[in-house]
>>> print(open('data04.cif').read())   # mmCIF, C-alpha atoms
data_work
loop_
_atom_site.label_atom_id
_atom_site.label_comp_id
_atom_site.auth_asym_id
_atom_site.auth_seq_id
_atom_site.Cartn_x
_atom_site.Cartn_y
_atom_site.Cartn_z
CA MET A 1 52.26 -52.13 19.59
CA LEU A 2 51.63 -49.19 17.29
CA GLY A 3 48.03 -48.11 16.90
CA LEU A 4 46.98 -47.94 20.55
CA THR A 5 43.99 -45.67 21.13
CA LEU A 6 43.62 -42.86 23.63
CA LEU A 7 41.43 -45.04 25.83
CA ASP A 8 43.89 -47.93 25.60
CA ALA A 9 46.58 -45.68 27.07
CA LEU A 10 44.31 -44.24 29.77
CA GLU A 11 43.18 -47.74 30.71
CA HIS A 12 46.83 -48.78 31.10
CA LEU A 13 47.43 -45.75 33.34
CA LEU A 14 44.44 -46.61 35.55
CA ARG A 15 45.01 -50.36 35.59
CA PHE A 16 48.75 -50.37 36.30
CA ARG A 17 49.01 -46.91 37.91
CA SER A 18 51.72 -45.97 35.42
CA LEU A 19 52.30 -45.26 31.74
CA ARG A 20 55.69 -45.31 30.00
CA ASP A 21 56.75 -42.85 27.32
CA ASP A 22 57.13 -45.65 24.78
CA LEU A 23 53.45 -46.51 25.22
CA VAL A 24 52.51 -42.86 24.70
CA LYS A 25 54.47 -42.92 21.45
CA ALA A 26 52.66 -46.11 20.43
CA VAL A 27 49.31 -44.32 20.48
CA SER A 28 47.96 -43.56 17.02
CA LEU A 29 48.84 -40.08 15.83
CA SER A 30 45.20 -39.01 15.77
CA ASP A 31 44.91 -39.67 19.53
CA ARG A 32 48.43 -38.87 20.70
CA MET A 33 48.07 -35.10 20.81
CA LYS A 34 44.96 -35.38 22.98
CA LEU A 35 46.68 -37.91 25.25
CA GLU A 36 49.70 -35.62 25.68
CA GLU A 37 47.34 -32.73 26.48
CA ILE A 38 45.59 -34.84 29.13
CA LEU A 39 48.84 -36.08 30.65
CA GLY A 40 50.21 -32.54 30.74
CA LYS A 41 47.16 -31.31 32.63
CA LEU A 42 47.29 -34.24 35.04
CA VAL A 43 50.93 -33.51 35.77
CA ASP A 44 50.22 -29.79 36.25
CA LEU A 45 47.50 -30.67 38.75
CA ARG A 46 49.81 -33.18 40.48
CA VAL A 47 47.35 -35.96 39.82
CA VAL A 48 50.08 -37.73 37.87
CA ALA A 49 53.82 -37.49 38.54
CA LYS A 50 56.39 -37.61 35.71
CA VAL A 51 59.32 -39.68 36.90
CA GLY A 52 61.98 -40.21 34.27
CA GLU A 53 60.33 -41.84 31.28
CA GLU A 54 57.20 -42.84 33.15
CA TYR A 55 53.93 -41.21 34.22
CA ARG A 56 52.86 -42.43 37.66
CA LEU A 57 49.27 -42.13 38.82
CA VAL A 58 48.80 -40.41 42.17
CA ASN A 59 45.01 -40.22 42.46
CA SER A 60 42.84 -42.31 40.14
CA LEU A 61 39.51 -40.63 40.85
CA ARG A 62 40.95 -37.14 40.58
CA ALA A 63 42.36 -38.24 37.23
CA LEU A 64 38.95 -39.50 36.12
CA GLU A 65 37.34 -36.23 37.16
CA VAL A 66 39.87 -34.27 35.09
CA VAL A 67 39.59 -36.58 32.08
CA HIS A 68 35.79 -36.42 32.24
CA GLY A 69 36.02 -32.62 32.36
CA MET A 70 38.06 -32.71 29.14
CA GLY A 71 35.21 -34.39 27.31
CA ILE A 72 36.35 -38.02 27.49
CA ASP A 73 33.89 -40.84 28.29
CA VAL A 74 35.44 -42.50 31.35
CA SER A 75 32.93 -45.36 31.69
CA ARG A 76 35.49 -47.89 30.42
CA LEU A 77 37.96 -46.82 33.12
CA LEU A 78 35.73 -46.98 36.19
CA ARG A 79 36.27 -50.65 36.95
CA PHE A 80 39.84 -49.94 38.01
CA VAL A 81 38.75 -47.84 40.98
CA GLU A 82 38.99 -49.61 44.33
CA TRP A 83 36.31 -49.33 47.03
CA GLN A 84 38.56 -47.68 49.62
CA GLU A 85 39.69 -44.90 47.30
CA PHE A 86 36.12 -44.37 46.06
CA GLU A 87 34.67 -43.57 49.49
CA LYS A 88 37.77 -41.59 50.47
CA TYR A 89 37.49 -39.48 47.34
CA VAL A 90 33.81 -38.73 47.96
CA ALA A 91 34.80 -37.35 51.37
CA GLU A 92 37.70 -35.34 49.91
CA VAL A 93 35.50 -33.66 47.31
CA LEU A 94 32.90 -32.68 49.88
CA GLU A 95 35.56 -31.30 52.21
CA GLU A 96 36.99 -29.23 49.37
CA GLU A 97 33.50 -27.86 48.73
CA GLY A 98 33.18 -26.59 52.31
CA TYR A 99 31.53 -29.52 54.05
CA GLU A 100 32.57 -30.98 57.39
CA VAL A 101 32.73 -34.70 56.75
CA PHE A 102 32.14 -37.70 59.02
CA HIS A 103 32.67 -41.33 58.04
CA ASN A 104 30.72 -44.45 58.96
CA VAL A 105 28.11 -42.76 61.15
CA LYS A 106 25.97 -45.39 62.85
CA ARG A 107 23.57 -46.17 65.63
CA ASP A 108 23.59 -49.70 67.00
CA SER A 109 20.57 -49.73 69.33
CA VAL A 110 16.96 -48.76 68.60
CA LYS A 111 16.39 -47.58 65.01
CA ARG A 112 19.71 -48.99 63.81
CA PHE A 113 21.34 -47.49 60.74
CA GLN A 114 24.73 -46.87 59.19
CA ILE A 115 25.74 -43.98 56.94
CA ASP A 116 28.79 -44.08 54.67
CA VAL A 117 29.45 -40.34 54.68
CA LEU A 118 27.68 -37.50 56.51
CA ALA A 119 28.66 -34.04 55.27
CA VAL A 120 27.52 -30.83 56.97
CA ASN A 121 27.71 -27.41 55.36
CA SER A 122 27.29 -24.70 58.00
CA LEU A 123 26.80 -21.94 55.42
CA SER A 124 24.03 -23.55 53.38
CA ARG A 125 22.61 -25.29 56.49
CA VAL A 126 22.45 -28.55 54.56
CA ALA A 127 23.69 -31.98 55.59
CA LEU A 128 24.27 -34.50 52.81
CA VAL A 129 23.65 -38.10 53.82
CA VAL A 130 25.71 -40.06 51.32
CA GLU A 131 25.34 -43.69 50.32
CA CYS A 132 28.35 -44.84 48.26
CA LYS A 133 27.54 -47.47 45.62
CA ARG A 134 30.52 -48.78 43.69
CA TRP A 135 28.48 -49.45 40.55
CA SER A 136 30.83 -49.08 37.60
CA ARG A 137 28.09 -49.65 35.04
CA VAL A 138 24.73 -48.02 34.51
CA LEU A 139 22.21 -50.34 36.14
CA SER A 140 20.19 -52.41 33.72
CA SER A 141 17.62 -52.96 36.44
CA LEU A 142 15.88 -49.83 37.65
CA ALA A 143 14.36 -51.93 40.44
CA LYS A 144 17.77 -52.29 42.09
CA LEU A 145 18.28 -48.54 42.13
CA VAL A 146 14.72 -47.98 43.39
CA ASP A 147 15.37 -50.39 46.28
CA ALA A 148 18.62 -48.59 47.11
CA ALA A 149 16.87 -45.22 47.06
CA ARG A 150 14.01 -46.37 49.28
CA ASN A 151 16.40 -47.96 51.75
CA HIS A 152 18.42 -44.77 51.88
CA VAL A 153 15.35 -42.62 52.51
CA ALA A 154 14.47 -44.91 55.42
CA ARG A 155 18.03 -44.53 56.71
CA VAL A 156 17.79 -40.74 56.61
CA LYS A 157 14.45 -40.82 58.44
CA LYS A 158 16.10 -42.83 61.23
CA LEU A 159 18.90 -40.27 61.40
CA ALA A 160 16.36 -37.46 61.74
CA GLN A 161 14.42 -39.36 64.41
CA THR A 162 17.51 -40.01 66.52
CA CYS A 163 19.40 -36.78 65.85
CA GLU A 164 19.84 -36.05 69.57
CA TRP A 165 21.90 -39.22 69.96
CA ILE A 166 24.05 -38.47 66.92
CA ALA A 167 24.58 -34.86 68.01
CA VAL A 168 26.34 -36.08 71.14
CA SER A 169 29.29 -37.27 69.05
CA ILE A 170 28.70 -34.99 66.04
CA PRO A 171 27.44 -31.65 67.36
CA SER A 172 27.91 -30.15 63.88
CA ILE A 173 24.63 -31.67 62.72
CA ARG A 174 22.82 -29.04 64.79
CA ARG A 175 23.96 -26.52 62.18
CA ALA A 176 21.96 -28.19 59.40
CA ARG A 177 18.30 -27.38 58.80
CA ILE A 178 17.74 -30.40 56.55
CA PHE A 179 19.19 -33.83 55.80
CA VAL A 180 19.39 -34.55 52.06
CA PRO A 181 19.90 -38.17 50.95
CA VAL A 182 22.17 -38.72 47.95
CA ILE A 183 23.53 -41.83 46.27
CA VAL A 184 26.97 -41.56 44.70
CA THR A 185 27.96 -44.13 42.08
CA LEU A 186 30.96 -44.65 39.82
CA ALA A 187 28.91 -44.85 36.62
CA GLN A 188 26.95 -41.88 35.34
CA PRO A 189 23.30 -42.66 36.20
CA GLN A 190 20.57 -42.54 33.58
CA ASN A 191 18.14 -41.05 36.10
CA PRO A 192 19.40 -38.07 38.16
CA VAL A 193 16.62 -38.58 40.74
CA VAL A 194 15.09 -41.92 41.81
CA GLU A 195 12.30 -42.11 44.39
CA GLY A 196 13.13 -38.52 45.31
CA VAL A 197 16.81 -39.32 45.93
CA PRO A 198 19.47 -37.57 43.83
CA VAL A 199 21.86 -40.02 42.16
CA THR A 200 25.17 -38.61 40.96
CA SER A 201 28.38 -40.12 39.68
CA VAL A 202 31.63 -39.51 41.48
CA VAL A 203 32.93 -37.34 38.62
CA THR A 204 29.92 -35.00 38.83
CA LEU A 205 29.72 -34.99 42.64
CA ARG A 206 31.52 -31.66 42.93
CA ASP A 207 28.91 -29.91 40.80
CA PHE A 208 26.10 -31.57 42.76
CA ALA A 209 27.60 -30.44 46.09
CA ARG A 210 27.53 -26.85 44.85
CA LYS A 211 23.97 -27.04 43.52
CA VAL A 212 22.26 -29.30 46.03
CA MET A 213 19.52 -26.77 46.80
CA ASP A 214 18.68 -26.54 43.09
CA TYR A 215 17.97 -30.28 43.22
CA VAL A 216 15.82 -29.87 46.32
CA GLU A 217 13.88 -26.84 45.09
CA GLU A 218 13.61 -27.49 41.35
CA LEU A 219 13.50 -31.29 41.15
CA GLY A 220 11.56 -31.87 44.35
CA CYS A 221 14.16 -34.11 45.94
CA ALA A 222 13.45 -35.78 49.25
CA TYR A 223 14.80 -34.38 52.49
CA GLU A 224 14.15 -34.58 56.21
CA LYS A 225 13.90 -31.56 58.46
CA ASN A 226 16.40 -31.62 61.29
CA ARG A 227 14.54 -31.07 64.52
CA CYS A 228 17.89 -30.78 66.29
CA PHE A 229 18.81 -27.70 64.26
CA VAL A 230 19.99 -24.75 66.38
CA GLU A 231 20.05 -21.28 64.85
CA LYS A 232 23.21 -19.35 65.73
#
>>> encode(input="data04.cif", output="structure tokens")
Amino acid sequence: MLGLTLLDALEHLLRFRSLRDDLVKAVSLSDRMKLEEILGKLVDLRVVAKVGEEYRLVNSLRALEVVHGMGIDVSRLLRFVEWQEFEKYVAEVLEEEGYEVFHNVKRDSVKRFQIDVLAVNSLSRVALVVECKRWSRVLSSLAKLVDAARNHVARVKKLAQTCEWIAVSIPSIRRARIFVPVIVTLAQPQNPVVEGVPVTSVVTLRDFARKVMDYVEELGCAYEKNRCFVEK
């Protein structure tokens, strides 16, 4: 078992949600110091718990965000993320960045639509309209991403056109001047903006949430004005 690589060990941690000390010791010496550094940071951040002779994964996407931030390519590890934890993590990140988050926002009558995550920031006056796409690989077909972007723009237009109805159950949307569509994927996209829609991976979502207006102003991203906005 000797000669495991750093990514072999991280894949085991993500796949089985645990990693034993004997497997850490089986990692080649050239990678072991980096692995121990990563595991130490994950434990410090309570993303991984050390229980006896075993590391137990607590939050896979938080772990991927940390590992990515330490300069490791996480593309090989993304396939072990489940749909439910993906969408939940997107919401958690946005909440941590000061957004009020609403799940599965939909309208079932005229101008039907459904939104995975709607996040309102009362300070920046921006509402992010998030479409979660569990794509763990960079798309080989740009056409598929273009279709997703166009469909999402249409979805956001419907939200803007029916904002009065949505505001009945989510009055917070009146605090947003604009609705900004964004697609969040697992894999790092090759194109940061497609058909005017920002596309960000889940591990870079936090940075996007902080700089969303830079995308709108500098990259000319699409948005819809919120005619239900109320200045307070």
>>> closest_residue(input="data04.cif", among="A:Leu219, A:Val101, A:Met33, A:Ala49", to="Asn121 in chain A", atoms="only C-alpha atoms")
A:Val101
>>> resolve_selection(input="data04.cif", expression="the PyMOL selection byres ((chain A and resi 66) around 10)", output="PyMOL selection string")
chain A and resi 38+41-42+45+47+60-65+67-72+203
>>> write_last_selection(input="data04.cif", atoms="C-alpha atoms", output="compact mmCIF listing (two decimals), in the frame of the given file")
# COMPACT_ATOMS: atom_id res chain seq x y z
CA ILE A 38 45.59 -34.84 29.13
CA LYS A 41 47.16 -31.31 32.63
CA LEU A 42 47.29 -34.24 35.04
CA LEU A 45 47.50 -30.67 38.75
CA VAL A 47 47.35 -35.96 39.82
CA SER A 60 42.84 -42.31 40.14
CA LEU A 61 39.51 -40.63 40.85
CA ARG A 62 40.95 -37.14 40.58
CA ALA A 63 42.36 -38.24 37.23
CA LEU A 64 38.95 -39.50 36.12
CA GLU A 65 37.34 -36.23 37.16
CA VAL A 67 39.59 -36.58 32.08
CA HIS A 68 35.79 -36.42 32.24
CA GLY A 69 36.02 -32.62 32.36
CA MET A 70 38.06 -32.71 29.14
CA GLY A 71 35.21 -34.39 27.31
CA ILE A 72 36.35 -38.02 27.49
CA VAL A 203 32.93 -37.34 38.62
>>> resolve_selection(input="data04.cif", expression="the PyMOL selection byres ((chain A and resi 143-155) around 8)", output="PyMOL selection string")
chain A and resi 113-115+131+139+141-142+156-159+181+183+194-197+222
>>> closest_residue(input="data04.cif", among="A:Ser169, A:Ser28, A:Thr162, A:Thr185", to="Trp83 in chain A", atoms="all atoms listed in the file")
A:Thr185
>>> closest_residue(input="data04.cif", among="A:Leu13, A:Val43, A:Val27, A:Val93", to="Asp207 in chain A", atoms="all atoms listed in the file")
A:Val93
>>> resolve_selection(input="data04.cif", expression="the PyMOL selection byres ((chain A and resi 97) around 8)", output="list of chain:residue names")
A:Val93, A:Leu94, A:Glu95, A:Glu96, A:Gly98, A:Tyr99, A:Arg206, A:Ala209, A:Arg210
>>> atom_distance(input="data04.cif", atom1="CA of Glu36 in chain A", atom2="CA of Leu19 in chain A")
11.7 Å
>>> atom_distance(input="data04.cif", atom1="CA of Arg227 in chain A", atom2="CA of Ala160 in chain A")
7.2 Å
>>> residues_around(input="data04.cif", residues="Ser75 in chain A", least_positions_apart="4", cutoff="12 Å", atoms="all atoms listed in the file", output="ChimeraX atom specification")
/A:7,10-11,64-65,67-68,79-81,135-138,185-189,201-203
>>> residues_around(input="data04.cif", residues="Ala127 in chain A", least_positions_apart="4", cutoff="7 Å", atoms="only C-alpha atoms", output="PDB file with C-alpha atoms, in the coordinates of the input")
ATOM      1  CA  LEU A 118      27.680 -37.500  56.510  1.00  0.00           C
ATOM      2  CA  ALA A 119      28.660 -34.040  55.270  1.00  0.00           C
ATOM      3  CA  VAL A 120      27.520 -30.830  56.970  1.00  0.00           C
ATOM      4  CA  ASN A 121      27.710 -27.410  55.360  1.00  0.00           C
ATOM      5  CA  ALA A 176      21.960 -28.190  59.400  1.00  0.00           C
ATOM      6  CA  ILE A 178      17.740 -30.400  56.550  1.00  0.00           C
ATOM      7  CA  PHE A 179      19.190 -33.830  55.800  1.00  0.00           C
ATOM      8  CA  VAL A 180      19.390 -34.550  52.060  1.00  0.00           C
TER       9      VAL A 180
END
>>> atom_distance(input="data04.cif", atom1="CA of Leu57 in chain A", atom2="CA of Arg17 in chain A")
4.9 Å
>>> closest_residue(input="data04.cif", among="A:Lys25, A:Glu100, A:Arg15, A:Lys34", to="Leu78 in chain A", atoms="all atoms listed in the file")
A:Arg15
>>> axis_aligned_box(input="data04.cif", around="range 131-136 of chain A", padding_each_side="4 Å", output="AutoDock Vina command-line options")
--center_x 28.1 --center_y -46.6 --center_z 44.0 --size_x 13.5 --size_y 13.8 --size_z 20.7
